[in-house]
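Raw query_32.tsv, TSV, C-alpha atoms:
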chain	number	residue	atom	x	y	z
A	14	MET	CA	0.00	0.00	0.00
A	15	LYS	CA	1.39	3.38	-1.01
A	16	CYS	CA	1.09	6.80	0.53
A	17	ARG	CA	-1.55	8.71	-1.36
A	18	THR	CA	0.52	11.88	-1.22
A	19	CYS	CA	4.02	10.74	-2.20
A	20	GLY	CA	3.80	7.10	-3.27
A	21	ARG	CA	6.25	5.84	-0.63
A	22	PRO	CA	5.23	2.79	1.46
A	23	ALA	CA	2.32	3.69	3.74
A	24	VAL	CA	2.53	3.07	7.49
A	25	ILE	CA	-1.18	3.45	8.14
A	26	ASN	CA	-4.34	2.71	6.23
A	27	MET	CA	-7.52	4.40	7.40
A	28	ARG	CA	-10.32	2.46	5.78
A	29	GLN	CA	-12.92	4.91	7.07
A	30	HIS	CA	-11.25	7.70	5.10
A	31	LYS	CA	-10.05	5.50	2.20
A	32	LEU	CA	-6.65	7.00	2.92
A	33	ALA	CA	-3.19	5.46	3.35
A	34	LEU	CA	-0.22	7.64	4.26
A	35	CYS	CA	3.49	7.41	5.01
A	36	ALA	CA	4.80	8.56	8.39
A	37	ASP	CA	5.66	12.11	7.34
A	38	HIS	CA	2.40	12.74	5.53
A	39	TYR	CA	0.38	11.10	8.29
A	40	LEU	CA	1.85	13.46	10.88
A	41	ASP	CA	1.13	16.45	8.61
A	42	TRP	CA	-2.40	15.22	8.03
A	43	PHE	CA	-3.03	14.75	11.75
A	44	VAL	CA	-1.89	18.26	12.62
A	45	ARG	CA	-3.94	19.80	9.79
A	46	GLN	CA	-7.06	17.87	10.78
A	47	THR	CA	-6.69	18.98	14.40
A	48	GLU	CA	-6.44	22.62	13.33
A	49	ARG	CA	-9.47	22.15	11.10
A	50	THR	CA	-11.51	20.75	14.01
A	51	ILE	CA	-10.42	23.61	16.28
A	52	ARG	CA	-11.63	26.14	13.70
A	53	LYS	CA	-14.76	24.28	12.67
A	54	TYR	CA	-16.10	24.19	16.20
A	55	ARG	CA	-14.58	27.56	17.18
A	56	MET	CA	-12.78	25.98	20.12
A	57	PHE	CA	-10.24	28.72	20.77
A	58	THR	CA	-8.10	31.34	19.07
A	59	PRO	CA	-4.30	31.66	18.90
A	60	GLU	CA	-4.50	34.44	21.49
A	61	GLU	CA	-6.17	32.32	24.15
A	62	ARG	CA	-4.45	30.37	26.92
A	63	ILE	CA	-5.21	26.67	26.88
A	64	LEU	CA	-4.93	24.23	29.75
A	65	VAL	CA	-4.50	20.67	28.50
A	66	ALA	CA	-5.55	17.94	30.90
A	67	VAL	CA	-2.81	15.32	30.58
A	68	SER	CA	-2.96	11.82	32.01
A	69	GLY	CA	0.32	10.46	30.65
A	70	GLY	CA	-1.66	8.50	28.05
A	71	LYS	CA	-1.43	8.67	24.28
A	72	ASP	CA	-4.40	10.94	23.61
A	73	SER	CA	-3.66	13.76	26.01
A	74	LEU	CA	0.07	13.83	25.25
A	75	ALA	CA	-0.66	13.72	21.51
A	76	LEU	CA	-3.05	16.64	21.97
A	77	TRP	CA	-0.52	18.67	23.91
A	78	ASP	CA	2.12	17.92	21.28
A	79	VAL	CA	-0.11	18.97	18.37
A	80	LEU	CA	-1.22	22.19	20.05
A	81	LEU	CA	2.41	23.14	20.68
A	82	ARG	CA	3.32	22.34	17.08
A	83	LEU	CA	0.46	24.54	15.93
A	84	GLY	CA	1.88	27.38	18.02
A	85	TYR	CA	-0.85	27.59	20.64
A	86	HIS	CA	-0.13	28.70	24.18
A	87	ALA	CA	-0.87	25.36	25.81
A	88	ASP	CA	0.12	24.36	29.33
A	89	GLY	CA	-0.51	20.99	30.95
A	90	LEU	CA	-2.41	19.89	34.02
A	91	TYR	CA	-1.68	16.50	35.56
A	92	ILE	CA	-3.90	15.25	38.38
A	93	ASP	CA	-2.14	12.65	40.52
A	94	LEU	CA	-4.90	10.35	41.70
A	95	GLY	CA	-2.72	8.21	43.94
A	96	ILE	CA	-3.54	4.96	42.12
A	97	ASP	CA	-1.07	2.18	42.77
A	98	ALA	CA	-2.85	-1.20	42.50
A	99	GLY	CA	0.50	-2.97	42.46
A	100	LEU	CA	1.49	-1.22	39.25
A	101	ASP	CA	2.63	2.11	40.64
A	102	TYR	CA	0.15	3.42	38.09
A	103	SER	CA	-0.09	7.10	39.04
A	104	HIS	CA	3.65	7.39	39.53
A	105	GLN	CA	4.28	5.85	36.12
A	106	SER	CA	1.74	8.03	34.32
A	107	ARG	CA	2.91	11.16	36.13
A	108	SER	CA	6.49	10.50	35.06
A	109	LYS	CA	5.37	10.34	31.41
A	110	ALA	CA	3.67	13.74	31.71
A	111	GLU	CA	6.68	15.21	33.49
A	112	ALA	CA	9.09	13.84	30.87
A	113	PHE	CA	7.02	15.38	28.08
A	114	ALA	CA	6.95	18.73	29.88
A	115	ALA	CA	10.71	18.60	30.52
A	116	ALA	CA	11.28	18.12	26.78
A	117	HIS	CA	9.15	21.23	26.08
A	118	PRO	CA	10.57	23.93	28.34
A	119	GLU	CA	8.37	26.56	26.72
A	120	THR	CA	5.38	25.09	28.53
A	121	ARG	CA	4.32	24.69	32.12
A	122	LEU	CA	3.01	21.55	33.80
A	123	ILE	CA	0.72	22.09	36.77
A	124	ILE	CA	0.43	19.09	39.08
A	125	VAL	CA	-2.40	18.54	41.54
A	126	ASP	CA	-1.57	15.79	43.98
A	127	ILE	CA	-4.91	14.52	45.28
A	128	PRO	CA	-3.61	12.49	48.26
A	129	ALA	CA	-1.31	15.33	49.33
A	130	THR	CA	-4.00	17.98	48.89
A	131	TYR	CA	-7.05	16.18	50.22
A	132	GLY	CA	-5.52	13.48	52.40
A	133	GLU	CA	-6.78	10.48	50.47
A	134	SER	CA	-6.12	8.75	47.17
A	135	ILE	CA	-8.92	7.95	44.74
A	136	PRO	CA	-8.97	4.25	45.72
A	137	GLN	CA	-9.31	5.30	49.38
A	138	VAL	CA	-12.18	7.68	48.64
A	139	ALA	CA	-13.82	5.06	46.45
A	140	ALA	CA	-13.60	2.45	49.21
A	141	ARG	CA	-15.11	4.86	51.75
A	142	THR	CA	-18.11	6.07	49.73
A	143	LEU	CA	-21.16	4.28	48.38
A	144	ARG	CA	-20.70	6.01	45.04
A	145	GLY	CA	-17.10	4.78	44.84
A	146	ARG	CA	-17.77	1.24	45.99
A	147	GLN	CA	-20.29	0.83	43.22
A	148	ARG	CA	-18.28	2.61	40.55
A	149	PRO	CA	-14.73	3.79	41.40
A	150	CYS	CA	-14.47	5.47	37.97
A	151	SER	CA	-17.40	7.68	38.94
A	152	VAL	CA	-15.48	9.13	41.90
A	153	CYS	CA	-12.38	9.52	39.77
A	154	GLY	CA	-14.33	11.38	37.07
A	155	LEU	CA	-15.98	13.63	39.62
A	156	VAL	CA	-12.65	14.56	41.23
A	157	LYS	CA	-10.94	15.14	37.89
A	158	ARG	CA	-13.76	17.34	36.54
A	159	HIS	CA	-13.81	19.41	39.70
A	160	GLU	CA	-10.05	19.88	39.85
A	161	MET	CA	-9.69	20.61	36.13
A	162	ASN	CA	-12.34	23.30	36.39
A	163	ARG	CA	-10.86	24.73	39.58
A	164	VAL	CA	-7.34	25.01	38.19
A	165	ALA	CA	-8.51	26.41	34.84
A	166	LEU	CA	-10.44	29.19	36.60
A	167	GLU	CA	-7.90	29.91	39.35
A	168	GLU	CA	-4.98	30.07	36.93
A	169	GLY	CA	-6.86	32.22	34.43
A	170	TYR	CA	-6.93	29.86	31.45
A	171	ASP	CA	-9.46	30.63	28.72
A	172	VAL	CA	-10.22	27.03	27.91
A	173	LEU	CA	-9.69	23.51	29.17
A	174	ALA	CA	-8.77	20.95	26.50
A	175	THR	CA	-9.08	17.20	26.96
A	176	GLY	CA	-7.79	14.37	24.79
A	177	HIS	CA	-11.12	12.63	24.19
A	178	ASN	CA	-11.04	10.85	20.85
A	179	LEU	CA	-13.83	9.67	18.56
A	180	ASP	CA	-13.98	6.22	20.17
A	181	ASP	CA	-14.42	7.81	23.60
A	182	GLU	CA	-17.14	10.08	22.29
A	183	VAL	CA	-18.96	7.34	20.40
A	184	ALA	CA	-18.85	4.97	23.38
A	185	VAL	CA	-20.45	7.67	25.56
A	186	LEU	CA	-22.96	8.54	22.84
A	187	PHE	CA	-23.86	4.88	22.43
A	188	GLY	CA	-24.35	4.43	26.18
A	189	ASN	CA	-26.44	7.55	26.54
A	190	THR	CA	-28.54	6.66	23.50
A	191	MET	CA	-29.15	3.13	24.75
A	192	GLN	CA	-30.62	4.65	27.91
A	193	TRP	CA	-31.99	7.82	26.29
A	194	LYS	CA	-30.18	10.03	28.75
A	195	VAL	CA	-31.36	13.20	27.07
A	196	GLY	CA	-29.69	15.55	29.53
A	197	TYR	CA	-26.29	14.07	28.73
A	198	LEU	CA	-26.98	13.81	25.01
A	199	ARG	CA	-27.88	17.48	24.91
A	200	ARG	CA	-24.55	18.43	26.44
A	201	GLN	CA	-22.28	16.06	24.52
A	202	GLY	CA	-20.20	17.75	21.88
A	203	PRO	CA	-16.78	19.06	20.86
A	204	VAL	CA	-17.30	22.25	22.90
A	205	LEU	CA	-18.98	22.83	26.22
A	206	PRO	CA	-19.28	26.61	26.56
A	207	ALA	CA	-18.14	28.47	29.62
A	208	ASP	CA	-20.80	29.19	32.16
A	209	ALA	CA	-21.11	32.52	33.92
A	210	GLN	CA	-21.76	30.59	37.09
A	211	GLY	CA	-18.27	29.15	37.19
A	212	LEU	CA	-17.69	26.44	34.63
A	213	ALA	CA	-14.71	26.83	32.31
A	214	ARG	CA	-15.09	26.27	28.56
A	215	LYS	CA	-14.17	22.69	27.70
A	216	VAL	CA	-13.06	21.49	24.27
A	217	LYS	CA	-12.11	18.19	22.67
A	218	PRO	CA	-9.88	18.90	19.66
A	219	LEU	CA	-9.26	15.19	18.95
A	220	CYS	CA	-12.95	14.27	18.93
A	221	ARG	CA	-12.95	13.36	15.23
A	222	PHE	CA	-9.90	11.09	15.37
A	223	TYR	CA	-10.23	7.37	15.88
A	224	GLU	CA	-8.31	6.10	18.88
A	225	ARG	CA	-6.09	4.16	16.47
A	226	GLU	CA	-5.19	7.44	14.80
A	227	THR	CA	-4.14	9.19	18.02
A	228	ALA	CA	-2.09	6.12	18.98
A	229	ALA	CA	-0.41	6.18	15.55
A	230	TYR	CA	0.39	9.85	15.97
A	231	ALA	CA	1.94	9.25	19.41
A	232	LEU	CA	4.00	6.31	18.15
A	233	LEU	CA	5.22	8.09	15.05
A	234	ARG	CA	6.13	11.18	17.04
A	235	GLY	CA	8.04	9.06	19.52
A	236	ILE	CA	5.90	10.22	22.43
A	237	ASP	CA	6.54	8.05	25.46
A	238	TYR	CA	3.09	7.39	26.91
A	239	ILE	CA	1.76	5.02	29.54
A	240	TYR	CA	0.71	1.88	27.75
A	241	ASP	CA	-1.02	0.12	30.63
A	242	GLU	CA	-4.66	0.66	31.31
A	243	CYS	CA	-5.79	2.19	34.57
A	244	PRO	CA	-6.22	-0.93	36.74
A	245	PHE	CA	-9.70	0.27	37.72
A	246	SER	CA	-10.91	0.37	34.11
A	247	LYS	CA	-11.10	-3.42	33.86
A	248	GLY	CA	-14.66	-4.34	32.98
A	249	ALA	CA	-15.62	-0.70	32.42
A	250	THR	CA	-18.82	-0.20	30.47
A	251	SER	CA	-17.04	2.08	28.03
A	252	LEU	CA	-14.65	-0.76	27.11
A	253	ARG	CA	-17.58	-3.11	26.47
A	254	TYR	CA	-19.19	-0.53	24.23
A	255	LYS	CA	-15.92	0.07	22.42
A	256	ALA	CA	-15.58	-3.65	21.72
A	257	LEU	CA	-19.10	-3.77	20.29
A	258	LEU	CA	-18.55	-0.67	18.19
A	259	ALA	CA	-15.24	-2.03	16.86
A	260	GLN	CA	-17.12	-5.05	15.49
A	261	MET	CA	-19.51	-2.71	13.73
A	262	GLU	CA	-16.66	-0.59	12.39
A	263	HIS	CA	-14.88	-3.69	11.09
A	264	ARG	CA	-17.91	-4.57	8.99
A	265	SER	CA	-18.78	-0.99	8.02
A	266	PRO	CA	-15.72	1.27	7.96
A	267	GLY	CA	-16.72	4.78	8.99
A	268	ALA	CA	-19.73	3.66	11.05
A	269	LYS	CA	-18.46	5.28	14.25
A	270	LEU	CA	-17.58	8.56	12.58
A	271	HIS	CA	-20.99	8.71	10.88
A	272	PHE	CA	-22.79	7.94	14.13
A	273	TYR	CA	-21.04	10.83	15.87
A	274	ILE	CA	-21.16	13.37	13.04
A	275	HIS	CA	-24.83	12.75	12.32
A	276	PHE	CA	-25.63	13.00	16.01
A	277	LEU	CA	-23.97	16.42	16.16
A	278	LYS	CA	-25.84	17.49	13.03
A	279	ALA	CA	-29.17	16.27	14.38
A	280	ARG	CA	-28.57	18.10	17.64
A	281	GLU	CA	-27.71	21.29	15.76
A	282	GLU	CA	-30.93	20.91	13.78
A	283	GLY	CA	-32.99	20.82	16.97
A	284	LEU	CA	-33.23	17.14	17.93
A	285	PHE	CA	-33.25	18.29	21.55
A	286	CYS	CA	-34.82	21.39	23.03
A	287	PRO	CA	-32.30	24.01	24.18
A	288	GLU	CA	-30.56	23.24	27.43
A	289	GLU	CA	-31.62	26.48	29.11
A	290	GLN	CA	-35.26	25.34	28.91
A	291	THR	CA	-34.64	22.21	30.94
A	292	ARG	CA	-31.48	22.74	32.93
A	293	PRO	CA	-32.16	23.18	36.61
A	294	PRO	CA	-30.94	26.45	38.17
A	295	MET	CA	-27.37	26.24	39.41
A	296	HIS	CA	-26.18	27.31	42.85
A	297	PRO	CA	-22.67	28.05	44.05
A	298	CYS	CA	-21.34	25.32	46.34
A	299	GLU	CA	-21.18	26.62	49.91
A	300	ARG	CA	-17.65	25.35	50.29
A	301	CYS	CA	-15.76	25.65	47.00
A	302	GLY	CA	-18.01	28.04	45.08
A	303	GLN	CA	-18.26	25.88	41.97
A	304	PRO	CA	-21.75	25.53	40.46
A	305	THR	CA	-23.95	22.68	41.59
A	306	THR	CA	-27.54	21.75	40.86
A	307	ALA	CA	-28.75	21.59	44.46
A	308	PRO	CA	-28.25	24.23	47.17
A	309	GLY	CA	-25.56	23.33	49.72
A	310	LEU	CA	-22.43	21.37	48.91
A	311	CYS	CA	-21.43	20.05	45.50
A	312	ALA	CA	-20.82	16.32	45.00
A	313	PHE	CA	-17.03	16.84	45.17
A	314	CYS	CA	-17.12	18.61	48.53
A	315	ARG	CA	-19.54	16.06	49.94
A	316	LEU	CA	-16.86	13.41	49.32
A	317	TRP	CA	-14.45	15.11	51.68
A	318	VAL	CA	-16.90	16.48	54.24
A	319	ARG	CA	-18.01	12.96	55.09
A	320	LYS	CA	-14.41	12.05	55.78
A	321	GLU	CA	-13.96	15.08	58.04
A	322	GLU	CA	-17.19	14.28	59.89
A	323	ALA	CA	-15.88	10.78	60.48
A	324	GLY	CA	-12.77	12.31	61.98
A	325	GLY	CA	-10.48	11.43	59.05
B	23	MET	CA	18.04	-22.07	15.34
B	24	ASP	CA	15.26	-21.81	12.74
B	25	LYS	CA	14.10	-18.34	11.96
B	26	VAL	CA	10.57	-17.48	13.00
B	27	ILE	CA	8.30	-14.47	13.05
B	28	ARG	CA	8.18	-13.49	16.71
B	29	VAL	CA	5.02	-11.60	17.68
B	30	ARG	CA	4.47	-9.76	20.96
B	31	PHE	CA	1.16	-8.38	22.20
B	32	ARG	CA	0.85	-7.18	25.80
B	33	ASP	CA	2.24	-10.09	27.86
B	34	ARG	CA	1.70	-12.69	25.13
B	35	THR	CA	4.10	-14.03	22.52
B	36	TRP	CA	3.48	-16.09	19.37
B	37	THR	CA	5.89	-17.50	16.82
B	38	PHE	CA	5.18	-18.38	13.21
B	39	ASP	CA	7.54	-20.15	10.86
B	40	ARG	CA	5.97	-19.05	7.57
B	41	LYS	CA	5.60	-15.85	5.63
B	42	MET	CA	2.23	-14.15	6.08
B	43	THR	CA	0.54	-10.78	5.70
B	44	VAL	CA	-0.24	-8.55	8.66
B	45	LYS	CA	-3.92	-9.08	7.93
B	46	ARG	CA	-3.46	-12.85	8.15
B	47	LEU	CA	-1.48	-12.52	11.37
B	48	LEU	CA	-4.26	-10.53	13.02
B	49	GLU	CA	-6.80	-13.14	11.97
B	50	GLU	CA	-4.57	-15.89	13.39
B	51	VAL	CA	-4.27	-14.20	16.78
B	52	GLY	CA	-7.90	-13.05	16.84
B	53	LEU	CA	-7.47	-9.29	16.83
B	54	LEU	CA	-9.43	-6.71	14.87
B	55	PRO	CA	-7.25	-4.36	12.81
B	56	GLU	CA	-9.38	-1.48	14.11
B	57	ASN	CA	-8.11	-2.13	17.65
B	58	VAL	CA	-4.37	-2.35	17.05
B	59	LEU	CA	-1.31	-1.01	15.28
B	60	VAL	CA	1.39	-3.36	14.04
B	61	LEU	CA	5.10	-2.63	14.10
B	62	ARG	CA	7.51	-4.78	12.07
B	63	ASN	CA	11.07	-4.40	13.30
B	64	GLY	CA	10.06	-1.11	14.91
B	65	THR	CA	8.26	0.36	11.89
B	66	MET	CA	4.48	0.67	11.59
B	67	VAL	CA	3.08	-1.33	8.71
B	68	THR	CA	-0.25	-1.67	6.89
B	69	GLU	CA	-2.32	-4.85	6.70
B	70	ASP	CA	-1.20	-5.81	3.21
B	71	GLN	CA	2.50	-5.92	4.20
B	72	HIS	CA	4.25	-9.28	4.41
B	73	LEU	CA	6.00	-10.57	7.49
B	74	TYR	CA	8.93	-12.94	7.07
B	75	PRO	CA	10.70	-15.37	9.38
B	76	GLY	CA	13.26	-13.33	11.31
B	77	ASP	CA	10.89	-10.36	11.73
B	78	GLU	CA	10.19	-9.03	15.21
B	79	VAL	CA	6.57	-7.92	15.36
B	80	LYS	CA	4.94	-5.86	18.07
B	81	ILE	CA	1.19	-5.41	18.19
B	82	VAL	CA	0.11	-2.29	20.04
B	83	ALA	CA	-3.38	-2.12	21.52
B	84	VAL	CA	-4.97	1.26	20.92
B	85	ILE	CA	-8.19	1.03	22.91
B	86	SER	CA	-8.28	2.52	26.36
B	87	GLY	CA	-11.19	2.97	28.67
B	88	GLY	CA	-12.39	3.91	32.07
Could you write out this file's structure as structure tokens?
Amino acid sequence: MKCRTCGRPAVINMRQHKLALCADHYLDWFVRQTERTIRKYRMFTPEERILVAVSGGKDSLALWDVLLRLGYHADGLYIDLGIDAGLDYSHQSRSKAEAFAAAHPETRLIIVDIPATYGESIPQVAARTLRGRQRPCSVCGLVKRHEMNRVALEEGYDVLATGHNLDDEVAVLFGNTMQWKVGYLRRQGPVLPADAQGLARKVKPLCRFYERETAAYALLRGIDYIYDECPFSKGATSLRYKALLAQMEHRSPGAKLHFYIHFLKAREEGLFCPEEQTRPPMHPCERCGQPTTAPGLCAFCRLWVRKEEAGG
Amino acid sequence: MDKVIRVRFRDRTWTFDRKMTVKRLLEEVGLLPENVLVLRNGTMVTEDQHLYPGDEVKIVAVISGG
């Protein structure tokens, strides 16, 4: 198979795009497509300051790398969750993020150490709370969302960028569609606008890339990312959905991309009523000030207050 | 020692003693091409490429979750 651009041997074939490319032209293509997505969805401008949430994995480090190559002012945020599980997982992933930052001295890496800041690791919080015992990933997601928003606002960033790829987005879309979670469907998209009540703008510049494409970019760029899965993700619903969707994609190349793109189009054309008509009023959390749907404490602060009440 | 194609994927290893395409290899080990990237002697290759005895092949999983 030859590169469509130069005729040299291709290193990747993307059946969904009917496109095979060599390493050099693939990397060019990836950067151009990212820029196109940023502009198409009006994610941010070259003047704005971007905070990239990095996990040490392929997607977030690839995103940070591309944004820097495109000349954006992009700093990184790593949240150390204190996950060990016999793999030293957080330490390993943190070292990948730190190594990337060290190789790019023009950027800054902000680190939030959850156990050092709040006194407990994510596995400890998960074991202590009903929410966490049922679904540890739920606690992890809650903590990460809260901390990403807090740091973005406190440090004065214009936008928070995450490395979600098309497979992530389609797995979430599939799950929410299967259960007709309209509130989530209404909010899913490449951009979540800032909220005057205290939510930073969130963007997903890699949302149109297949996970295989972000992995290829990271490999071809020589980005050293953490290869192991989070030990808590074993059996995760999103992985089951991804496996199902991969079967569909194998039989119908492009199926995932079409599912996502047509969902966005349908939403734009009014599939759901506007969020402001149904969204409950938001209240500032009494403790941290971030917006929450019910008066009192937000879900994040409730995690820690229970620990304090128990004398922890 | 006879030359073989040595294939690594996560903590698993396979060996094959005959020439085959990447596509055939993935079928043999039961992986979907959509879920992996294949490196032959350190270089990424497409499914139509041939693997020969003596090649070192690494299959990289690309799906993450959580």
For atom CA of A:Pro136 and atom CA of A:His177, quote the distance in Å rounded to one decimal.
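Taking atom CA of A:Pro136 as the start and atom CA of A:His177 as the end point, the length is 23.2 Å.
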Output the contact residues of chain B with respect to chain A at a cut-off of 10 Å, based on only C-alpha atoms, as a ChimeraX atom specification.
/B:32,54-61,65-71,82-88
Could you tell me how far atom CA of A:Pro203 sits from atom CA of A:Lys278, in Å to one decimal place?
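Computed distance, atom CA of A:Lys278 to atom CA of A:Pro203, equals 12.1 Å.
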Counting all atoms listed in the file, which residues come within 6 Å of (-0.3, -16.2, 15.6), with the point read in the file's coordinates, and could you list them as a PDB file with C-alpha atoms, in the frame of the given file?
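Output file selection.pdb is given in full below:
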ATOM      1  CA  TRP B  36       3.480 -16.090  19.370  1.00  0.00           C
ATOM      2  CA  LEU B  47      -1.480 -12.520  11.370  1.00  0.00           C
ATOM      3  CA  GLU B  50      -4.570 -15.890  13.390  1.00  0.00           C
ATOM      4  CA  VAL B  51      -4.270 -14.200  16.780  1.00  0.00           C
TER       5      VAL B  51
END
Adding 5 Å on each side of the box along x, y and z that holds all listed atoms of stretch 59-74 of chain B, could you give its centre and edge lengths in Å to one decimal, as AutoDock Vina command-line options?
--center_x 4.4 --center_y -6.1 --center_z 9.2 --size_x 23.4 --size_y 23.6 --size_z 22.1
Out of A:Leu186, A:Gln303, A:Lys194, A:Glu160, which residue has the shortest atom-to-atom distance to A:Phe276 when counting all atoms listed in the file?
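Among A:Leu186, A:Gln303, A:Lys194, A:Glu160, it is A:Leu186 that comes nearest to A:Phe276.
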What does the distance from atom CA of A:Arg144 to atom CA of A:Arg315 come to in Å, to one decimal?
11.2 Å
Which residues are near A:Arg292? Cut-off 12 Å, only C-alpha atoms, ignore same chain within fewer than 2 positions. Put them as JSON, numbers by chain.
{"A": [195, 196, 197, 199, 200, 286, 287, 288, 289, 290, 294, 295, 305, 306, 307]}
At a cut-off of 10 Å, using only C-alpha atoms, what residues contact stretch 40-54 of chain A? Leave out same-chain residues fewer than 3 positions from it and give the result as an mmCIF file with C-alpha atoms, keeping the file's coordinate frame.
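The result, written out as part_16.cif:
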data_model
loop_
_atom_site.group_PDB
_atom_site.id
_atom_site.type_symbol
_atom_site.label_atom_id
_atom_site.label_comp_id
_atom_site.auth_asym_id
_atom_site.auth_seq_id
_atom_site.Cartn_x
_atom_site.Cartn_y
_atom_site.Cartn_z
ATOM 1 C CA LEU A 34 -0.220 7.640 4.260
ATOM 2 C CA CYS A 35 3.490 7.410 5.010
ATOM 3 C CA ALA A 36 4.800 8.560 8.390
ATOM 4 C CA ASP A 37 5.660 12.110 7.340
ATOM 5 C CA PHE A 57 -10.240 28.720 20.770
ATOM 6 C CA THR A 58 -8.100 31.340 19.070
ATOM 7 C CA LEU A 76 -3.050 16.640 21.970
ATOM 8 C CA ASP A 78 2.120 17.920 21.280
ATOM 9 C CA VAL A 79 -0.110 18.970 18.370
ATOM 10 C CA LEU A 80 -1.220 22.190 20.050
ATOM 11 C CA ARG A 82 3.320 22.340 17.080
ATOM 12 C CA LEU A 83 0.460 24.540 15.930
ATOM 13 C CA GLY A 202 -20.200 17.750 21.880
ATOM 14 C CA PRO A 203 -16.780 19.060 20.860
ATOM 15 C CA VAL A 204 -17.300 22.250 22.900
ATOM 16 C CA VAL A 216 -13.060 21.490 24.270
ATOM 17 C CA LYS A 217 -12.110 18.190 22.670
ATOM 18 C CA PRO A 218 -9.880 18.900 19.660
ATOM 19 C CA LEU A 219 -9.260 15.190 18.950
ATOM 20 C CA CYS A 220 -12.950 14.270 18.930
ATOM 21 C CA ARG A 221 -12.950 13.360 15.230
ATOM 22 C CA PHE A 222 -9.900 11.090 15.370
ATOM 23 C CA GLU A 226 -5.190 7.440 14.800
ATOM 24 C CA THR A 227 -4.140 9.190 18.020
ATOM 25 C CA ALA A 229 -0.410 6.180 15.550
ATOM 26 C CA TYR A 230 0.390 9.850 15.970
ATOM 27 C CA ALA A 231 1.940 9.250 19.410
ATOM 28 C CA LEU A 233 5.220 8.090 15.050
ATOM 29 C CA ARG A 234 6.130 11.180 17.040
#
For a quick check of your reading of the model, name the residues lying within 12 Å of the coordinate (6.1, -8.4, 21.5), counting all atoms listed in the file, and write them as number ranges by chain.
B: 27-37, 60-64, 77-83
Which residues, written as a PyMOL selection string, have at least one atom at most 8 Å from B:His72, with all atoms listed in the file counted and residues fewer than 6 positions away on the same chain left out?
chain B and resi 41-44
